[in-house]
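What follows is a short report on a single structure.
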Amino acid sequence: MASNAASNSTSIVYISYLYLTEFTWTANILIPTWPAMIVFGFAANITNIIVFLRIGVNDNVTILLLSLSISDLMYLTLMTPTVCSYIMLIFAPYWPWPTHVDIGIELLYWPAITCYDFSAFLSVWLGVTRCACVAMPLQFKSVFTKGRTIKLVLASFLLAVSLRMPIMTVNRVGWRTDHGTNISYAYVEKQNRKAMTQINDILNRNSILYINFIIMIACVSILSFKLYQASRIRKSYTSAFTTQQTSEKSDRQGLSAKDLHVIRSVVLVGSIFIMSQAPFLISSTARLISDNFDIDHANRNRLLFFTFSIVSLTCSYLIASVNIFVYYIYNSKYKSELSSMLKRFKKPKTEA
């Protein structure tokens with residue numbers, strides 16, 4: 001067992017941040033919701049993976065959605081130690097930690113964020129592929145083939161890992177000895193933190209973040225316009241032609257009813273992505289403008305940094321958990337397969 005004095009002193013430092021007046025509302029309101037989000041996210045993404053596998057991974061959209069569910073599940077799994085540590089710091093600040101508190105908070109944080117980046121890339125590619133489907137429907141199948149989509153997913157994962165590799169080399173497990181008890185305990189040893197943080201800021205917190213955000217806004221705007229345009233076309237032809245003729249006209253426009261359904265789901269997923277990224281984008285912009293907007297500076301900016309960090313993390317847990325509702329509403333195959341699974345699950349109980 002590690003030294004309680006060392007663990008408790010670190011806990012008190014974190015608690016002093018958490019319970020400052022400007023940070024109380026985020027600590028007391030948002031952080032207690034994290035366990036429920038994590039548990040629901042586990043159940044939702046496992047369900048998504050099972051349903052997509054049962055449907056069959058036969059097209060590029062299903063490949064991307066399956067990969068997104070796997071990535072979100074990995075993210076939530078790796079973030080669980082951080083969530084548990086924050087919860088313990090709030091509700092049991094003097095709990096005797098078996099290791100240094102940083103082990104739970106920081107050790108798996110950057111690998112988890114790498115999975116979150118991977119999910120962001122997949123969400124962006126979903127928007128791009130749907131835009132391509134609208135812009136060039138005839139060439140779409142030949143360009144975005146199943147094989148190329150799989151390669152794209154693998155390349156996106158390698159890109160996410162490569163971009164976060166500098167910052168992931170900072171945290172290492174080291175050992176300290178409490179001279180009072182002569183007991184050794186594990187802690188997070190930081191190496192080259194300042195240099196690697198600057199590289200991470202340039203690559204991920206600014207460049208890649210802005211690129212993803214701008215691309216997703218453009219995709220959502222284009223797809224939303226196409227939905228509005230298709231809605232006007234259908235309304236105008238409904239008043240003059242039969243339902244069959246309206247459907248034929250829709251096909252000639254390159255947007256079938258199935259296409260519109262998929263586009264609506266991507267627009268919703270993209271909109272959720274944009275809203276969830278906004279707090280982190282604001283935080284990154286502020287950090288770019290002011291070097292004092294960080295955890296290491298003892299000033300009022302540190303309080304705002306903690307607030308935006310907690311809000312951003314809450315949004316990330318939310319976006320990794322709520323896609324199941326989008327799939328159920330807008331994906332007919334998903335809804336049919338999930339309903340069938342639930343019926344089979346309930347059937348033995350009914351017979352009993």
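To be explicit about the labels: the chains of the structure tokens are called A, B, and onward in the order shown, and within each one the residues are counted from 1, while ligands get numbers from 1 in the order they are shown.
Excluding A:Lys146 and any residue on its chain fewer than 5 positions from it, the residues at most 10 Å away by only C-alpha atoms are A:Val57, A:Asn58, A:Asp59, A:Asn60, A:Val61, A:Thr62, A:Ile63, A:Lys141, A:Lys151, A:Leu152.
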Contact table stretch 91-183 of chain A vs stretch 303-315 of chain A, cut-off 12 Å, shortest pair per residue, only C-alpha atoms, as a Markdown table:
```
| residue | atom | partner | partner_atom | distance |
| --- | --- | --- | --- | --- |
| A:Tyr109 | CA | A:Leu313 | CA | 11.0 |
| A:Ala112 | CA | A:Leu313 | CA | 11.3 |
| A:Ile113 | CA | A:Leu313 | CA | 9.9 |
| A:Tyr116 | CA | A:Leu313 | CA | 10.5 |
```
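Distance check against A:Gly127 using only C-alpha atoms: of A:Leu163, A:Leu203, A:Val322, A:Val220, the minimum falls on A:Val220.
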Based on DSSP run over this structure's backbone, return all residues of stretch 2-219 of chain A in helix (DSSP H, G or I), as a short mmCIF file (atom, residue, chain, number, x, y, z; two decimals) with N, CA and C atoms, in the first residue's frame.
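Listing of result32.cif after writing:
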```cif
data_model
loop_
_atom_site.label_atom_id
_atom_site.label_comp_id
_atom_site.auth_asym_id
_atom_site.auth_seq_id
_atom_site.Cartn_x
_atom_site.Cartn_y
_atom_site.Cartn_z
N ASN A 4 -0.35 7.03 2.28
CA ASN A 4 -1.61 7.77 2.28
C ASN A 4 -1.35 9.27 2.25
N ALA A 5 -0.28 9.70 2.86
CA ALA A 5 0.02 11.13 2.90
C ALA A 5 0.26 11.66 1.50
N ALA A 6 1.03 10.91 0.70
CA ALA A 6 1.31 11.36 -0.67
C ALA A 6 0.05 11.38 -1.51
N SER A 7 -0.76 10.33 -1.36
CA SER A 7 -2.00 10.25 -2.15
C SER A 7 -2.98 11.34 -1.73
N ASN A 8 -3.13 11.52 -0.42
CA ASN A 8 -4.09 12.51 0.05
C ASN A 8 -3.66 13.93 -0.28
N SER A 9 -2.36 14.20 -0.25
CA SER A 9 -1.90 15.54 -0.60
C SER A 9 -2.24 15.87 -2.04
N THR A 10 -2.07 14.88 -2.93
CA THR A 10 -2.42 15.11 -4.33
C THR A 10 -3.92 15.25 -4.50
N SER A 11 -4.69 14.47 -3.74
CA SER A 11 -6.14 14.57 -3.80
C SER A 11 -6.60 15.96 -3.39
N ILE A 12 -5.97 16.49 -2.33
CA ILE A 12 -6.35 17.82 -1.86
C ILE A 12 -6.06 18.87 -2.92
N VAL A 13 -4.95 18.70 -3.66
CA VAL A 13 -4.63 19.64 -4.73
C VAL A 13 -5.73 19.64 -5.78
N TYR A 14 -6.16 18.44 -6.22
CA TYR A 14 -7.21 18.35 -7.22
C TYR A 14 -8.53 18.88 -6.68
N ILE A 15 -8.85 18.55 -5.44
CA ILE A 15 -10.10 19.02 -4.85
C ILE A 15 -10.10 20.53 -4.73
N SER A 16 -8.94 21.13 -4.45
CA SER A 16 -8.89 22.59 -4.37
C SER A 16 -9.25 23.22 -5.71
N TYR A 17 -8.94 22.54 -6.82
CA TYR A 17 -9.37 23.01 -8.13
C TYR A 17 -10.87 22.82 -8.30
N LEU A 18 -11.32 21.63 -7.94
CA LEU A 18 -12.71 21.25 -8.22
C LEU A 18 -13.71 22.11 -7.48
N THR A 21 -15.08 28.41 -6.49
CA THR A 21 -16.42 28.91 -6.80
C THR A 21 -16.75 28.83 -8.28
N GLU A 22 -15.82 29.24 -9.14
CA GLU A 22 -16.10 29.28 -10.57
C GLU A 22 -16.23 27.88 -11.16
N PHE A 23 -15.78 26.87 -10.46
CA PHE A 23 -15.77 25.52 -10.99
C PHE A 23 -16.79 24.60 -10.34
N THR A 24 -17.47 25.10 -9.32
CA THR A 24 -18.36 24.25 -8.53
C THR A 24 -19.48 23.64 -9.37
N TRP A 25 -20.08 24.45 -10.25
CA TRP A 25 -21.24 23.95 -10.99
C TRP A 25 -20.85 22.83 -11.95
N THR A 26 -19.69 22.91 -12.56
CA THR A 26 -19.29 21.84 -13.46
C THR A 26 -18.91 20.58 -12.68
N ALA A 27 -18.25 20.77 -11.53
CA ALA A 27 -17.84 19.61 -10.74
C ALA A 27 -19.03 18.89 -10.13
N ASN A 28 -19.98 19.66 -9.57
CA ASN A 28 -21.09 19.07 -8.85
C ASN A 28 -22.23 18.60 -9.75
N ILE A 29 -22.36 19.20 -10.92
CA ILE A 29 -23.48 18.86 -11.80
C ILE A 29 -23.07 17.90 -12.90
N LEU A 30 -21.97 18.18 -13.59
CA LEU A 30 -21.61 17.39 -14.76
C LEU A 30 -20.87 16.10 -14.42
N ILE A 31 -19.87 16.19 -13.56
CA ILE A 31 -19.05 15.00 -13.28
C ILE A 31 -19.88 13.83 -12.72
N PRO A 32 -20.85 14.04 -11.81
CA PRO A 32 -21.66 12.91 -11.34
C PRO A 32 -22.48 12.23 -12.43
N THR A 33 -22.67 12.88 -13.58
CA THR A 33 -23.41 12.24 -14.67
C THR A 33 -22.53 11.32 -15.51
N TRP A 34 -21.23 11.40 -15.34
CA TRP A 34 -20.32 10.61 -16.17
C TRP A 34 -20.52 9.10 -16.05
N PRO A 35 -20.64 8.54 -14.84
CA PRO A 35 -20.81 7.08 -14.76
C PRO A 35 -22.02 6.58 -15.54
N ALA A 36 -23.15 7.31 -15.47
CA ALA A 36 -24.34 6.89 -16.21
C ALA A 36 -24.09 6.94 -17.72
N MET A 37 -23.39 8.00 -18.18
CA MET A 37 -23.07 8.10 -19.59
C MET A 37 -22.16 6.96 -20.04
N ILE A 38 -21.17 6.64 -19.22
CA ILE A 38 -20.23 5.57 -19.57
C ILE A 38 -20.95 4.22 -19.65
N VAL A 39 -21.75 3.92 -18.64
CA VAL A 39 -22.47 2.63 -18.62
C VAL A 39 -23.43 2.52 -19.80
N PHE A 40 -24.19 3.60 -20.05
CA PHE A 40 -25.10 3.59 -21.20
C PHE A 40 -24.31 3.49 -22.51
N GLY A 41 -23.17 4.18 -22.58
CA GLY A 41 -22.35 4.12 -23.78
C GLY A 41 -21.84 2.71 -24.05
N PHE A 42 -21.43 2.00 -22.99
CA PHE A 42 -21.01 0.61 -23.16
C PHE A 42 -22.14 -0.22 -23.78
N ALA A 43 -23.31 -0.14 -23.17
CA ALA A 43 -24.45 -0.93 -23.64
C ALA A 43 -24.84 -0.55 -25.07
N ALA A 44 -24.86 0.76 -25.36
CA ALA A 44 -25.29 1.24 -26.67
C ALA A 44 -24.32 0.80 -27.76
N ASN A 45 -23.03 0.96 -27.53
CA ASN A 45 -22.06 0.62 -28.57
C ASN A 45 -21.90 -0.88 -28.77
N ILE A 46 -22.00 -1.64 -27.70
CA ILE A 46 -22.00 -3.10 -27.85
C ILE A 46 -23.21 -3.54 -28.67
N THR A 47 -24.36 -2.93 -28.38
CA THR A 47 -25.57 -3.22 -29.17
C THR A 47 -25.37 -2.85 -30.63
N ASN A 48 -24.80 -1.67 -30.88
CA ASN A 48 -24.54 -1.25 -32.25
C ASN A 48 -23.65 -2.24 -33.00
N ILE A 49 -22.59 -2.67 -32.34
CA ILE A 49 -21.66 -3.61 -32.98
C ILE A 49 -22.36 -4.92 -33.34
N ILE A 50 -23.14 -5.45 -32.40
CA ILE A 50 -23.85 -6.71 -32.65
C ILE A 50 -24.83 -6.55 -33.80
N VAL A 51 -25.59 -5.46 -33.80
CA VAL A 51 -26.61 -5.26 -34.84
C VAL A 51 -25.96 -5.09 -36.21
N PHE A 52 -24.92 -4.30 -36.31
CA PHE A 52 -24.27 -4.09 -37.61
C PHE A 52 -23.64 -5.38 -38.14
N LEU A 53 -23.08 -6.18 -37.24
CA LEU A 53 -22.51 -7.46 -37.67
C LEU A 53 -23.60 -8.41 -38.16
N ARG A 54 -24.75 -8.39 -37.50
CA ARG A 54 -25.86 -9.25 -37.92
C ARG A 54 -26.47 -8.77 -39.24
N ILE A 55 -26.50 -7.46 -39.44
CA ILE A 55 -27.01 -6.92 -40.71
C ILE A 55 -26.10 -7.33 -41.86
N ASN A 60 -20.19 0.76 -47.69
CA ASN A 60 -19.23 1.65 -47.04
C ASN A 60 -19.81 2.35 -45.81
N VAL A 61 -21.09 2.70 -45.85
CA VAL A 61 -21.71 3.38 -44.70
C VAL A 61 -21.74 2.47 -43.48
N THR A 62 -22.11 1.21 -43.67
CA THR A 62 -22.15 0.26 -42.55
C THR A 62 -20.76 0.02 -41.99
N ILE A 63 -19.75 -0.03 -42.87
CA ILE A 63 -18.37 -0.19 -42.41
C ILE A 63 -17.97 0.97 -41.51
N LEU A 64 -18.30 2.18 -41.94
CA LEU A 64 -17.95 3.36 -41.15
C LEU A 64 -18.71 3.41 -39.83
N LEU A 65 -19.99 3.05 -39.86
CA LEU A 65 -20.79 3.06 -38.63
C LEU A 65 -20.32 2.00 -37.65
N LEU A 66 -19.96 0.82 -38.16
CA LEU A 66 -19.43 -0.24 -37.29
C LEU A 66 -18.10 0.20 -36.69
N SER A 67 -17.24 0.77 -37.50
CA SER A 67 -15.94 1.24 -37.01
C SER A 67 -16.12 2.35 -35.98
N LEU A 68 -17.09 3.22 -36.21
CA LEU A 68 -17.37 4.31 -35.26
C LEU A 68 -17.83 3.75 -33.92
N SER A 69 -18.67 2.73 -33.94
CA SER A 69 -19.14 2.12 -32.69
C SER A 69 -18.00 1.46 -31.93
N ILE A 70 -17.10 0.78 -32.66
CA ILE A 70 -15.94 0.15 -32.02
C ILE A 70 -15.03 1.21 -31.42
N SER A 71 -14.79 2.28 -32.16
CA SER A 71 -13.93 3.36 -31.66
C SER A 71 -14.53 4.02 -30.43
N ASP A 72 -15.84 4.29 -30.46
CA ASP A 72 -16.49 4.91 -29.29
C ASP A 72 -16.41 3.99 -28.08
N LEU A 73 -16.56 2.68 -28.29
CA LEU A 73 -16.46 1.73 -27.18
C LEU A 73 -15.05 1.73 -26.59
N MET A 74 -14.04 1.78 -27.46
CA MET A 74 -12.65 1.84 -27.00
C MET A 74 -12.40 3.12 -26.21
N TYR A 75 -12.94 4.21 -26.69
CA TYR A 75 -12.76 5.50 -26.00
C TYR A 75 -13.36 5.46 -24.60
N LEU A 76 -14.59 4.99 -24.49
CA LEU A 76 -15.24 4.93 -23.19
C LEU A 76 -14.52 3.99 -22.24
N THR A 77 -14.02 2.88 -22.77
CA THR A 77 -13.29 1.91 -21.94
C THR A 77 -12.02 2.52 -21.37
N LEU A 78 -11.25 3.20 -22.23
CA LEU A 78 -9.99 3.78 -21.78
C LEU A 78 -10.20 4.99 -20.87
N MET A 79 -11.34 5.66 -20.99
CA MET A 79 -11.61 6.82 -20.14
C MET A 79 -12.21 6.44 -18.80
N THR A 80 -12.59 5.19 -18.62
CA THR A 80 -13.22 4.76 -17.38
C THR A 80 -12.34 5.02 -16.15
N PRO A 81 -11.03 4.71 -16.17
CA PRO A 81 -10.21 5.04 -14.99
C PRO A 81 -10.21 6.53 -14.65
N THR A 82 -10.19 7.39 -15.66
CA THR A 82 -10.23 8.83 -15.42
C THR A 82 -11.55 9.23 -14.76
N VAL A 83 -12.65 8.69 -15.27
CA VAL A 83 -13.97 8.99 -14.71
C VAL A 83 -14.05 8.52 -13.26
N CYS A 84 -13.63 7.30 -13.01
CA CYS A 84 -13.69 6.76 -11.64
C CYS A 84 -12.83 7.59 -10.68
N SER A 85 -11.67 8.03 -11.16
CA SER A 85 -10.78 8.81 -10.30
C SER A 85 -11.39 10.16 -9.95
N TYR A 86 -12.00 10.82 -10.92
CA TYR A 86 -12.64 12.10 -10.64
C TYR A 86 -13.81 11.92 -9.68
N ILE A 87 -14.59 10.87 -9.86
CA ILE A 87 -15.72 10.61 -8.96
C ILE A 87 -15.21 10.39 -7.53
N MET A 88 -14.13 9.62 -7.39
CA MET A 88 -13.57 9.37 -6.06
C MET A 88 -13.05 10.65 -5.44
N LEU A 89 -12.45 11.52 -6.26
CA LEU A 89 -11.91 12.78 -5.73
C LEU A 89 -13.01 13.70 -5.20
N ILE A 90 -14.19 13.61 -5.82
CA ILE A 90 -15.30 14.46 -5.40
C ILE A 90 -16.00 13.91 -4.16
N PHE A 91 -16.33 12.61 -4.20
CA PHE A 91 -17.16 12.03 -3.14
C PHE A 91 -16.34 11.36 -2.03
N VAL A 101 -2.62 9.35 -7.34
CA VAL A 101 -3.90 9.62 -7.98
C VAL A 101 -3.75 9.87 -9.48
N ASP A 102 -2.58 10.36 -9.92
CA ASP A 102 -2.36 10.63 -11.34
C ASP A 102 -2.43 9.36 -12.19
N ILE A 103 -2.17 8.22 -11.59
CA ILE A 103 -2.23 6.95 -12.34
C ILE A 103 -3.62 6.76 -12.92
N GLY A 104 -4.62 6.99 -12.10
CA GLY A 104 -5.99 6.80 -12.57
C GLY A 104 -6.46 7.90 -13.51
N ILE A 105 -5.99 9.14 -13.25
CA ILE A 105 -6.49 10.27 -14.03
C ILE A 105 -5.80 10.41 -15.38
N GLU A 106 -4.49 10.22 -15.41
CA GLU A 106 -3.72 10.62 -16.59
C GLU A 106 -3.12 9.49 -17.41
N TYR A 109 -5.33 8.55 -20.33
CA TYR A 109 -6.08 9.66 -20.90
C TYR A 109 -5.75 9.89 -22.37
N TRP A 110 -4.48 9.97 -22.72
CA TRP A 110 -4.13 10.27 -24.11
C TRP A 110 -4.42 9.12 -25.07
N PRO A 111 -4.22 7.85 -24.68
CA PRO A 111 -4.70 6.78 -25.56
C PRO A 111 -6.21 6.84 -25.80
N ALA A 112 -6.95 7.24 -24.76
CA ALA A 112 -8.40 7.40 -24.93
C ALA A 112 -8.72 8.52 -25.91
N ILE A 113 -8.03 9.66 -25.77
CA ILE A 113 -8.25 10.79 -26.67
C ILE A 113 -7.89 10.41 -28.10
N THR A 114 -6.92 9.52 -28.28
CA THR A 114 -6.58 9.04 -29.61
C THR A 114 -7.76 8.31 -30.24
N CYS A 115 -8.45 7.51 -29.46
CA CYS A 115 -9.66 6.83 -29.96
C CYS A 115 -10.75 7.85 -30.28
N TYR A 116 -10.83 8.90 -29.47
CA TYR A 116 -11.81 9.95 -29.74
C TYR A 116 -11.49 10.65 -31.06
N ASP A 117 -10.20 10.89 -31.32
CA ASP A 117 -9.79 11.46 -32.60
C ASP A 117 -10.18 10.55 -33.75
N PHE A 118 -9.99 9.26 -33.56
CA PHE A 118 -10.36 8.27 -34.57
C PHE A 118 -11.85 8.34 -34.87
N SER A 119 -12.65 8.46 -33.83
CA SER A 119 -14.10 8.61 -34.02
C SER A 119 -14.42 9.89 -34.77
N ALA A 120 -13.68 10.96 -34.48
CA ALA A 120 -13.90 12.22 -35.18
C ALA A 120 -13.59 12.08 -36.66
N PHE A 121 -12.50 11.41 -36.99
CA PHE A 121 -12.16 11.18 -38.39
C PHE A 121 -13.25 10.38 -39.10
N LEU A 122 -13.76 9.36 -38.43
CA LEU A 122 -14.81 8.53 -39.04
C LEU A 122 -16.08 9.34 -39.26
N SER A 123 -16.42 10.19 -38.29
CA SER A 123 -17.61 11.03 -38.45
C SER A 123 -17.45 11.98 -39.63
N VAL A 124 -16.26 12.53 -39.78
CA VAL A 124 -15.99 13.42 -40.91
C VAL A 124 -16.10 12.65 -42.23
N TRP A 125 -15.55 11.44 -42.28
CA TRP A 125 -15.63 10.65 -43.50
C TRP A 125 -17.06 10.27 -43.84
N LEU A 126 -17.89 10.06 -42.81
CA LEU A 126 -19.31 9.80 -43.06
C LEU A 126 -19.94 10.98 -43.79
N GLY A 127 -19.64 12.17 -43.32
CA GLY A 127 -20.16 13.37 -43.98
C GLY A 127 -19.64 13.51 -45.39
N VAL A 128 -18.35 13.25 -45.59
CA VAL A 128 -17.75 13.38 -46.91
C VAL A 128 -18.33 12.38 -47.90
N THR A 129 -18.50 11.13 -47.47
CA THR A 129 -19.04 10.11 -48.37
C THR A 129 -20.48 10.41 -48.76
N ARG A 130 -21.26 10.93 -47.83
CA ARG A 130 -22.65 11.28 -48.17
C ARG A 130 -22.69 12.47 -49.12
N CYS A 131 -21.78 13.42 -48.92
CA CYS A 131 -21.71 14.55 -49.86
C CYS A 131 -21.32 14.05 -51.25
N ALA A 132 -20.39 13.12 -51.30
CA ALA A 132 -19.98 12.55 -52.58
C ALA A 132 -21.14 11.80 -53.24
N CYS A 133 -21.93 11.13 -52.41
CA CYS A 133 -23.10 10.41 -52.93
C CYS A 133 -24.08 11.36 -53.58
N VAL A 134 -24.24 12.54 -52.98
CA VAL A 134 -25.15 13.54 -53.52
C VAL A 134 -24.56 14.22 -54.76
N ALA A 135 -23.25 14.53 -54.69
CA ALA A 135 -22.61 15.28 -55.77
C ALA A 135 -22.35 14.44 -57.00
N PRO A 137 -23.60 10.78 -57.75
CA PRO A 137 -24.25 9.51 -57.43
C PRO A 137 -23.86 8.37 -58.36
N LEU A 138 -23.60 8.67 -59.63
CA LEU A 138 -23.27 7.60 -60.58
C LEU A 138 -21.87 7.04 -60.34
N GLN A 139 -20.93 7.89 -59.94
CA GLN A 139 -19.57 7.44 -59.71
C GLN A 139 -19.32 7.00 -58.26
N PHE A 140 -20.30 7.20 -57.40
CA PHE A 140 -20.09 6.98 -55.97
C PHE A 140 -19.66 5.55 -55.65
N LYS A 141 -20.38 4.57 -56.19
CA LYS A 141 -20.09 3.18 -55.86
C LYS A 141 -18.72 2.75 -56.36
N SER A 142 -18.29 3.31 -57.49
CA SER A 142 -16.99 2.92 -58.03
C SER A 142 -15.83 3.59 -57.29
N VAL A 143 -16.09 4.75 -56.68
CA VAL A 143 -15.05 5.48 -55.96
C VAL A 143 -14.92 4.97 -54.53
N LYS A 146 -16.00 -1.03 -51.02
CA LYS A 146 -15.85 -1.63 -49.70
C LYS A 146 -14.39 -1.75 -49.31
N GLY A 147 -13.57 -2.20 -50.26
CA GLY A 147 -12.14 -2.35 -49.97
C GLY A 147 -11.47 -1.03 -49.66
N ARG A 148 -11.81 0.00 -50.42
CA ARG A 148 -11.21 1.32 -50.18
C ARG A 148 -11.67 1.91 -48.86
N THR A 149 -12.91 1.64 -48.49
CA THR A 149 -13.42 2.15 -47.22
C THR A 149 -12.69 1.50 -46.05
N ILE A 150 -12.42 0.20 -46.14
CA ILE A 150 -11.67 -0.49 -45.08
C ILE A 150 -10.27 0.09 -44.96
N LYS A 151 -9.63 0.33 -46.12
CA LYS A 151 -8.29 0.95 -46.11
C LYS A 151 -8.35 2.36 -45.51
N LEU A 152 -9.43 3.07 -45.80
CA LEU A 152 -9.60 4.41 -45.26
C LEU A 152 -9.73 4.39 -43.74
N VAL A 153 -10.46 3.41 -43.22
CA VAL A 153 -10.63 3.28 -41.77
C VAL A 153 -9.28 2.99 -41.11
N LEU A 154 -8.51 2.06 -41.69
CA LEU A 154 -7.20 1.73 -41.13
C LEU A 154 -6.25 2.93 -41.19
N ALA A 155 -6.29 3.65 -42.31
CA ALA A 155 -5.44 4.83 -42.45
C ALA A 155 -5.82 5.91 -41.44
N SER A 156 -7.11 6.06 -41.18
CA SER A 156 -7.57 7.05 -40.20
C SER A 156 -7.08 6.70 -38.80
N PHE A 157 -7.10 5.42 -38.47
CA PHE A 157 -6.62 4.99 -37.15
C PHE A 157 -5.12 5.25 -37.02
N LEU A 158 -4.36 4.92 -38.05
CA LEU A 158 -2.91 5.16 -38.00
C LEU A 158 -2.61 6.65 -37.93
N LEU A 159 -3.40 7.46 -38.61
CA LEU A 159 -3.22 8.90 -38.56
C LEU A 159 -3.48 9.44 -37.16
N ALA A 160 -4.56 8.95 -36.53
CA ALA A 160 -4.89 9.40 -35.17
C ALA A 160 -3.77 9.04 -34.20
N VAL A 161 -3.24 7.83 -34.32
CA VAL A 161 -2.15 7.39 -33.43
C VAL A 161 -0.89 8.21 -33.68
N SER A 162 -0.58 8.44 -34.94
CA SER A 162 0.64 9.19 -35.29
C SER A 162 0.59 10.62 -34.76
N LEU A 163 -0.57 11.26 -34.90
CA LEU A 163 -0.70 12.65 -34.46
C LEU A 163 -0.61 12.79 -32.94
N ARG A 164 -1.07 11.78 -32.21
CA ARG A 164 -1.04 11.84 -30.74
C ARG A 164 0.21 11.19 -30.15
N MET A 165 1.03 10.57 -30.98
CA MET A 165 2.20 9.86 -30.45
C MET A 165 3.13 10.76 -29.64
N PRO A 166 3.41 12.00 -30.07
CA PRO A 166 4.31 12.84 -29.26
C PRO A 166 3.82 13.04 -27.83
N ILE A 167 2.54 13.37 -27.66
CA ILE A 167 2.02 13.62 -26.31
C ILE A 167 1.87 12.32 -25.52
N MET A 168 1.70 11.19 -26.21
CA MET A 168 1.56 9.92 -25.49
C MET A 168 2.89 9.45 -24.91
N ARG A 193 7.41 17.32 -21.16
CA ARG A 193 6.00 17.70 -21.23
C ARG A 193 5.79 18.99 -22.02
N LYS A 194 6.62 19.99 -21.77
CA LYS A 194 6.42 21.29 -22.40
C LYS A 194 6.57 21.20 -23.91
N ALA A 195 7.62 20.54 -24.38
CA ALA A 195 7.87 20.43 -25.82
C ALA A 195 6.80 19.60 -26.50
N MET A 196 6.44 18.45 -25.89
CA MET A 196 5.44 17.58 -26.51
C MET A 196 4.05 18.21 -26.48
N THR A 197 3.78 19.00 -25.44
CA THR A 197 2.49 19.69 -25.37
C THR A 197 2.38 20.74 -26.47
N GLN A 198 3.47 21.43 -26.75
CA GLN A 198 3.45 22.41 -27.83
C GLN A 198 3.20 21.74 -29.17
N ILE A 199 3.83 20.60 -29.40
CA ILE A 199 3.61 19.86 -30.64
C ILE A 199 2.16 19.39 -30.73
N ASN A 200 1.63 18.91 -29.60
CA ASN A 200 0.24 18.45 -29.57
C ASN A 200 -0.72 19.60 -29.84
N ASP A 201 -0.41 20.77 -29.30
CA ASP A 201 -1.26 21.94 -29.52
C ASP A 201 -1.30 22.31 -31.00
N ILE A 202 -0.13 22.28 -31.64
CA ILE A 202 -0.06 22.67 -33.05
C ILE A 202 -0.78 21.65 -33.93
N LEU A 203 -0.54 20.36 -33.69
CA LEU A 203 -1.09 19.32 -34.56
C LEU A 203 -2.57 19.06 -34.30
N ASN A 204 -2.94 18.88 -33.04
CA ASN A 204 -4.26 18.36 -32.70
C ASN A 204 -5.23 19.41 -32.17
N ARG A 205 -4.76 20.24 -31.26
CA ARG A 205 -5.68 21.19 -30.63
C ARG A 205 -6.03 22.35 -31.54
N ASN A 206 -5.27 22.52 -32.63
CA ASN A 206 -5.55 23.64 -33.53
C ASN A 206 -5.74 23.17 -34.97
N SER A 207 -4.69 22.72 -35.63
CA SER A 207 -4.76 22.40 -37.06
C SER A 207 -5.81 21.35 -37.38
N ILE A 208 -5.65 20.14 -36.85
CA ILE A 208 -6.57 19.05 -37.16
C ILE A 208 -7.97 19.35 -36.66
N LEU A 209 -8.07 19.96 -35.48
CA LEU A 209 -9.38 20.27 -34.92
C LEU A 209 -10.15 21.22 -35.82
N TYR A 210 -9.49 22.27 -36.28
CA TYR A 210 -10.16 23.23 -37.17
C TYR A 210 -10.52 22.60 -38.51
N ILE A 211 -9.62 21.78 -39.05
CA ILE A 211 -9.89 21.13 -40.33
C ILE A 211 -11.12 20.23 -40.23
N ASN A 212 -11.17 19.39 -39.20
CA ASN A 212 -12.32 18.51 -39.00
C ASN A 212 -13.61 19.30 -38.83
N PHE A 213 -13.52 20.36 -38.03
CA PHE A 213 -14.70 21.16 -37.73
C PHE A 213 -15.24 21.84 -38.98
N ILE A 214 -14.33 22.41 -39.77
CA ILE A 214 -14.75 23.12 -41.00
C ILE A 214 -15.33 22.14 -42.02
N ILE A 215 -14.67 20.98 -42.19
CA ILE A 215 -15.17 19.99 -43.15
C ILE A 215 -16.55 19.51 -42.74
N MET A 216 -16.75 19.25 -41.44
CA MET A 216 -18.04 18.74 -40.99
C MET A 216 -19.14 19.80 -41.15
N ILE A 217 -18.82 21.05 -40.86
CA ILE A 217 -19.80 22.12 -41.07
C ILE A 217 -20.18 22.22 -42.54
N ALA A 218 -19.18 22.12 -43.42
CA ALA A 218 -19.45 22.19 -44.86
C ALA A 218 -20.33 21.02 -45.30
N CYS A 219 -20.01 19.81 -44.82
CA CYS A 219 -20.80 18.63 -45.20
C CYS A 219 -22.23 18.73 -44.70
#
```
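Put simply, atom CA of A:Phe144 is 17.4 Å away from atom CA of A:Gly56.
The spacing separating atom CA of A:Tyr185 from atom CA of A:Thr99 amounts to 5.6 Å.
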Would you work out the distance separating atom CA of A:Ala278 from atom CA of A:Ser221, expressed in Å to one decimal? 16.3 Å
Among stretch 35-217 of chain A, which residues carry a DSSP assignment of strand (DSSP E), reported as a list in words? Asn171, Arg172, Val173, Gly174, Trp175, Arg176, Thr177, Asp178, Ile183, Ser184, Tyr185, Ala186, Tyr187, Val188, Glu189 and Lys190 of chain A
